[in-house]
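Peer 1: Here you go, one structure.
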Amino acid sequence: MSLLDGVPTVLFVHAHPDDETIATGALIAEMAARGIRVSLLTATRGEQGEVVRGPLSVLEGTDALTRERERELACAAAALGIGLADRFWLGTPPARAAGLAPRAYRDSGMTWIRPGLAGPADDIDGDALVRAPLAEVTADVAALIGQLRPALVISYDNGGGYGHPDHVRMHEAALAGSRAAGVAFAEVVQVGVDGATSGAGVAGAGAGAGAAEWFDLSAHLATVTAALRCHASQLTVDEGGGHIVHSGGQREPIITVVGLRLL
Ligand SMILES: [Zn+2]
C-alpha cells in the first residue's frame with residue numbers, strides 16, 4: 001500500500017522557483033507518469049537568489065531576475081509535466097484569502113550558518129515572506145487548497161530541507177492550511193549526504209509521525225535533468241551528469257530518491 005495509491009490530485013507547496021525541481025522534480029515526474037494531476041504553488045520569485053557567474057550575472061539583484069525566474073519556473077514545470085493552469089503564485093488569486101487585495105511575497109534571503117544549514121539573512125525586505133504574519137500566509141494556502149481540493153498536499157519537512165527561512169515558513173503554512181481544510185499532508189524526507197534522513201522523525205520533533213515511504217525514481221533522471229537545466233540562473237548541471245552545482249559553488253547529487261511522510 002503506497003500513500004500515492006488512488007490519489008488523483010496532489011498540490012506541491014514550495015518557496016522559490018527551482019525548489020520544485022531540486023527537491024521534488026523526480027517525484028513530480030513520477031506522479032505525472034502515474035496520471036496524477038499535479039498542481040504547484042510557489043511562494044516567491046526567488047528575488048534574492050545568487051546568480052550563476054556568466055551571461056546571467058547582470059540580473060542579480062534586479063527586477064529582471066524576477067522575470068527570468070518566472071520564465072525558468074515555467075520551463076521547468078512544463079518539463080516535469082505540470083500544466084500552465086496548474087501553477088499558482090502565493091498572494092495571487094486563487095492562492096489569496098477572500099477579501100484581501102492581491103500581493104507578492106518576496107524572497108526572504110538566507111545566510112549559511114554552516115555548510116548545509118541556512119539561517120535568516122541580515123537584511124530582510126519589508127515584503128519578505130518571513131515578515132508576513134503566518135496567519136496570512138496560511139489563509140492564502142488554505143484558499144488554494146479549498147479551490148483545488150487536492151487529495152494530498154506535499155511540502156518541506158519542519159526544517160525546510162536545509163533550514164532556509166522561507167522553506168520553514170511554507171512547511172508551517174502548508175501543514176496548517178491542510179489541517180484547516182481537512183486534506184492529508186506529507187513532508188518530503190531527503191537522503192542526507194551521510195545516508196541519514198532529514199525530517200520530523202529524525203529531528204525528534206515528530207514523535208508519533210509514521211515512517212517515511214521511499215520512492216526510487218532514478219527512471220526519471222533525464223526528465224529531472226531537463227527541468228534542472230531550465231533554472232540556469234541558479235545552478236548548472238554537471239556535464240558528467242548526476243550532480244548540480246549551485247550558484248554559490250555547492251555541489252550536490254541530483255535527487256532521485258525521495259521519501260514522503262504523512263503528518
Ligand atoms: Zn528554496
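Numbering starts fresh at 1 for the residues of each chain in the C-alpha cells, the chains themselves are lettered A, B, ... in the order given, and ligands are numbered from 1 as they appear.
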Distance limit 10 Å, reference ligand 1, atoms considered: only C-alpha atoms and all ligand atoms. Which residues make the cut? Give them as a short mmCIF file (atom, residue, chain, number, x, y, z; two decimals) with N, CA, C and O atoms, in the first residue's frame.

Peer 2:
data_model
loop_
_atom_site.label_atom_id
_atom_site.label_comp_id
_atom_site.auth_asym_id
_atom_site.auth_seq_id
_atom_site.Cartn_x
_atom_site.Cartn_y
_atom_site.Cartn_z
N HIS A 14 5.87 25.09 -2.52
CA HIS A 14 7.29 25.41 -2.48
C HIS A 14 7.52 26.89 -2.26
O HIS A 14 6.59 27.70 -2.41
N ALA A 15 8.75 27.25 -1.93
CA ALA A 15 9.07 28.64 -1.58
C ALA A 15 9.62 29.44 -2.75
O ALA A 15 9.30 30.62 -2.89
N HIS A 16 10.47 28.82 -3.56
CA HIS A 16 11.17 29.54 -4.64
C HIS A 16 11.14 28.72 -5.93
O HIS A 16 11.13 27.49 -5.86
N PRO A 17 11.19 29.42 -7.08
CA PRO A 17 11.41 28.66 -8.32
C PRO A 17 12.74 27.91 -8.19
O PRO A 17 13.72 28.48 -7.72
N ASP A 18 12.79 26.72 -8.52
CA ASP A 18 13.88 25.72 -8.53
C ASP A 18 13.71 24.65 -7.44
O ASP A 18 14.14 23.53 -7.60
N ASP A 19 13.02 25.01 -6.32
CA ASP A 19 12.81 24.02 -5.25
C ASP A 19 11.95 22.86 -5.75
O ASP A 19 12.19 21.70 -5.36
N GLU A 20 10.96 23.17 -6.57
CA GLU A 20 10.08 22.10 -7.07
C GLU A 20 10.89 21.05 -7.84
O GLU A 20 10.60 19.85 -7.76
N ILE A 22 14.58 20.76 -7.76
CA ILE A 22 15.71 20.22 -7.00
C ILE A 22 15.24 19.18 -5.98
O ILE A 22 15.78 18.08 -5.89
N ALA A 23 14.20 19.54 -5.21
CA ALA A 23 13.79 18.67 -4.11
C ALA A 23 12.79 17.60 -4.53
O ALA A 23 12.83 16.48 -4.03
N THR A 42 3.92 28.26 -5.70
CA THR A 42 5.25 28.81 -5.42
C THR A 42 5.05 30.14 -4.69
O THR A 42 4.25 30.98 -5.12
N ALA A 43 5.78 30.32 -3.59
CA ALA A 43 5.52 31.48 -2.72
C ALA A 43 6.16 32.77 -3.21
O ALA A 43 5.57 33.84 -3.11
N THR A 44 7.40 32.68 -3.70
CA THR A 44 8.13 33.89 -4.10
C THR A 44 8.79 33.65 -5.46
O THR A 44 8.85 32.53 -5.95
N ARG A 45 9.33 34.73 -6.02
CA ARG A 45 10.05 34.62 -7.30
C ARG A 45 11.54 34.41 -7.09
O ARG A 45 12.32 34.50 -8.03
N GLY A 46 11.96 34.17 -5.85
CA GLY A 46 13.39 33.93 -5.60
C GLY A 46 14.25 35.14 -5.92
O GLY A 46 15.37 35.01 -6.43
N GLY A 49 17.95 35.34 -4.96
CA GLY A 49 18.85 34.29 -5.40
C GLY A 49 20.15 34.82 -5.96
O GLY A 49 20.16 35.78 -6.73
N ASP A 107 11.15 36.89 -1.66
CA ASP A 107 12.19 36.01 -1.13
C ASP A 107 12.83 36.66 0.10
O ASP A 107 13.23 37.82 0.04
N GLY A 109 15.59 35.68 1.51
CA GLY A 109 17.05 35.53 1.51
C GLY A 109 17.52 34.61 2.63
O GLY A 109 16.72 34.10 3.42
N MET A 110 18.80 34.39 2.71
CA MET A 110 19.37 33.49 3.73
C MET A 110 20.85 33.73 3.83
O MET A 110 21.46 34.38 2.99
N TYR A 156 7.87 20.89 2.41
CA TYR A 156 9.12 20.59 3.11
C TYR A 156 8.85 19.95 4.47
O TYR A 156 7.75 20.00 5.00
N GLY A 160 12.67 22.65 6.77
CA GLY A 160 12.77 23.28 5.46
C GLY A 160 13.81 22.64 4.55
O GLY A 160 14.31 23.27 3.64
N GLY A 161 14.12 21.37 4.81
CA GLY A 161 15.12 20.68 3.99
C GLY A 161 16.52 21.04 4.47
O GLY A 161 17.26 20.19 4.96
N TYR A 162 16.90 22.30 4.35
CA TYR A 162 18.24 22.71 4.78
C TYR A 162 18.22 24.01 5.59
O TYR A 162 19.25 24.65 5.77
N GLY A 163 17.02 24.38 6.07
CA GLY A 163 16.95 25.49 7.00
C GLY A 163 16.58 26.84 6.43
O GLY A 163 16.50 27.82 7.17
N HIS A 164 16.38 26.94 5.10
CA HIS A 164 16.02 28.25 4.53
C HIS A 164 14.74 28.75 5.22
O HIS A 164 13.74 28.04 5.28
N PRO A 165 14.76 30.00 5.74
CA PRO A 165 13.60 30.52 6.47
C PRO A 165 12.30 30.47 5.66
O PRO A 165 11.23 30.22 6.22
N ASP A 166 12.39 30.69 4.35
CA ASP A 166 11.18 30.63 3.52
C ASP A 166 10.63 29.20 3.41
O ASP A 166 9.42 28.98 3.32
N HIS A 167 11.53 28.22 3.40
CA HIS A 167 11.09 26.82 3.34
C HIS A 167 10.37 26.44 4.63
O HIS A 167 9.33 25.79 4.61
N VAL A 168 10.97 26.85 5.75
CA VAL A 168 10.36 26.54 7.05
C VAL A 168 8.97 27.18 7.13
O VAL A 168 8.00 26.55 7.57
#

Peer 1: If you run DSSP over the backbone, which residues in range 126-205 of chain A end up alpha helix (DSSP H)? Put them as an NGL selection string.

Peer 2: :A and (134-148 or 165-181 or 200-203)

Peer 1: Between CA of Ile36 in chain A and CA of Leu4 in chain A, what is the distance, to one decimal in Å?

Peer 2: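 Calculated distance between CA of Ile36 in chain A and CA of Leu4 in chain A is 8.9 Å.
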
Peer 1: Excluding Ala135 in chain A and its own-chain neighbours fewer than 3 positions away, which residues fall within 12 Å of it when counting only C-alpha atoms? Please give them as a ChimeraX atom specification.

Peer 2: /A:96-97,129-132,138-142,169-170,172-174,176-177,180

Peer 1: One decimal, Å: what's the distance from CA of Leu152 in chain A over to CA of Ala186 in chain A, could you say?

Peer 2: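 Here the two named atoms are 7.3 Å from each other.
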
Peer 1: Using only C-alpha atoms, which residues sit within 10 Å of Ile255 in chain A once same-chain residues fewer than 5 positions away are excluded, as a list in words?

Peer 2: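 These residues fall inside the cut-off: Thr21, Ile22, Ala23, Thr24, Gly25, Ala26, Leu27, Gln190, Val191, Asp216, Leu217, Ser218, Leu221, Val224, Thr225, Gly242, His243 and Ile244 of chain A.
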
Peer 1: Pull C-alpha atoms from the residues just selected and write them as a PDB file, in the first residue's frame.

Peer 2:
ATOM      1  CA  THR A  21      12.736  20.608  -9.348  1.00  0.00           C
ATOM      2  CA  ILE A  22      15.713  20.218  -6.997  1.00  0.00           C
ATOM      3  CA  ALA A  23      13.785  18.670  -4.106  1.00  0.00           C
ATOM      4  CA  THR A  24      10.781  17.051  -5.755  1.00  0.00           C
ATOM      5  CA  GLY A  25      11.320  17.017  -9.536  1.00  0.00           C
ATOM      6  CA  ALA A  26      11.605  13.231  -9.696  1.00  0.00           C
ATOM      7  CA  LEU A  27       8.504  12.828  -7.560  1.00  0.00           C
ATOM      8  CA  GLN A 190      15.646  13.663   1.934  1.00  0.00           C
ATOM      9  CA  VAL A 191      18.564  11.300   1.980  1.00  0.00           C
ATOM     10  CA  ASP A 216      13.402   5.196  -6.060  1.00  0.00           C
ATOM     11  CA  LEU A 217      12.790   7.477  -9.025  1.00  0.00           C
ATOM     12  CA  SER A 218      16.041   7.104 -10.943  1.00  0.00           C
ATOM     13  CA  LEU A 221      16.711  11.240 -14.138  1.00  0.00           C
ATOM     14  CA  VAL A 224      14.654  15.965 -13.865  1.00  0.00           C
ATOM     15  CA  THR A 225      17.900  16.904 -15.585  1.00  0.00           C
ATOM     16  CA  GLY A 242      24.291  13.130 -11.783  1.00  0.00           C
ATOM     17  CA  HIS A 243      25.205  16.377  -9.995  1.00  0.00           C
ATOM     18  CA  ILE A 244      24.228  20.016  -9.886  1.00  0.00           C
TER      19      ILE A 244
END

Peer 1: Here is a test: counting only C-alpha atoms, which residue of A:Gln48, A:Thr9, A:Ser2, A:Ser247 is nearest to Pro150 in chain A?

Peer 2: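 Ranking A:Gln48, A:Thr9, A:Ser2, A:Ser247 by distance to Pro150 in chain A, first place goes to A:Thr9.
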
Peer 1: Which is closer to His246 in chain A than all the others in A:Arg34, A:His171, A:Arg53, A:Arg106, using only C-alpha atoms?

Peer 2: A:Arg53

Peer 1: Quick one: of A:Leu262, A:Leu73, A:Ala32, A:Ala128, who's nearest to Glu213 in chain A, counting only C-alpha atoms?

Peer 2: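 Ranking A:Leu262, A:Leu73, A:Ala32, A:Ala128 by distance to Glu213 in chain A, first place goes to A:Leu262.
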
Peer 1: In Å, rounded to a single decimal, give me how far CA of Glu30 in chain A is from CA of Glu187 in chain A.

Peer 2: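 Between these atoms lies a distance of 16.6 Å.
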
Peer 1: Within range 133-162 of chain A, find each residue whose DSSP state, derived from the backbone, is strand (DSSP E), and express the selection as a short mmCIF file (atom, residue, chain, number, x, y, z; two decimals) with N, CA and C atoms, in the first residue's frame.

Peer 2:
data_model
loop_
_atom_site.label_atom_id
_atom_site.label_comp_id
_atom_site.auth_asym_id
_atom_site.auth_seq_id
_atom_site.Cartn_x
_atom_site.Cartn_y
_atom_site.Cartn_z
N LEU A 152 -3.94 15.28 -1.63
CA LEU A 152 -2.71 15.29 -0.81
C LEU A 152 -1.96 16.59 -1.07
N VAL A 153 -1.44 17.18 0.01
CA VAL A 153 -0.56 18.35 -0.08
C VAL A 153 0.84 17.90 0.34
N ILE A 154 1.85 18.32 -0.42
CA ILE A 154 3.24 17.95 -0.13
C ILE A 154 4.08 19.21 0.00
N SER A 155 4.89 19.28 1.06
CA SER A 155 5.82 20.40 1.20
C SER A 155 7.06 19.93 1.98
#

Peer 1: Would you pick out the contacts of Cys75 in chain A at 12 Å or less, using only C-alpha atoms, so that residues sharing its chain but fewer than 6 positions from it are not included, and give the list as an MDAnalysis selection string?

Peer 2: chainID A and resid 17:18 20:21 68:69 81:84 87 224 226:232

Peer 1: May I have the residues within 9 Å of Phe88 in chain A as a PDB file with C-alpha atoms, in the first residue's frame, using only C-alpha atoms and disregarding those fewer than 6 positions away in the same chain?

Peer 2:
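Final file, result02.pdb:
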ATOM      1  CA  SER A  39      -0.564  21.455  -9.043  1.00  0.00           C
ATOM      2  CA  LEU A  40       2.268  23.696  -7.878  1.00  0.00           C
ATOM      3  CA  LEU A  41       2.103  26.657  -5.524  1.00  0.00           C
ATOM      4  CA  THR A  42       5.247  28.815  -5.421  1.00  0.00           C
ATOM      5  CA  ALA A  43       5.516  31.475  -2.723  1.00  0.00           C
ATOM      6  CA  PRO A  94      -6.955  31.768  -6.143  1.00  0.00           C
ATOM      7  CA  ALA A  95      -3.987  31.500  -3.738  1.00  0.00           C
ATOM      8  CA  LEU A 144      -5.957  27.492  -2.862  1.00  0.00           C
TER       9      LEU A 144
END
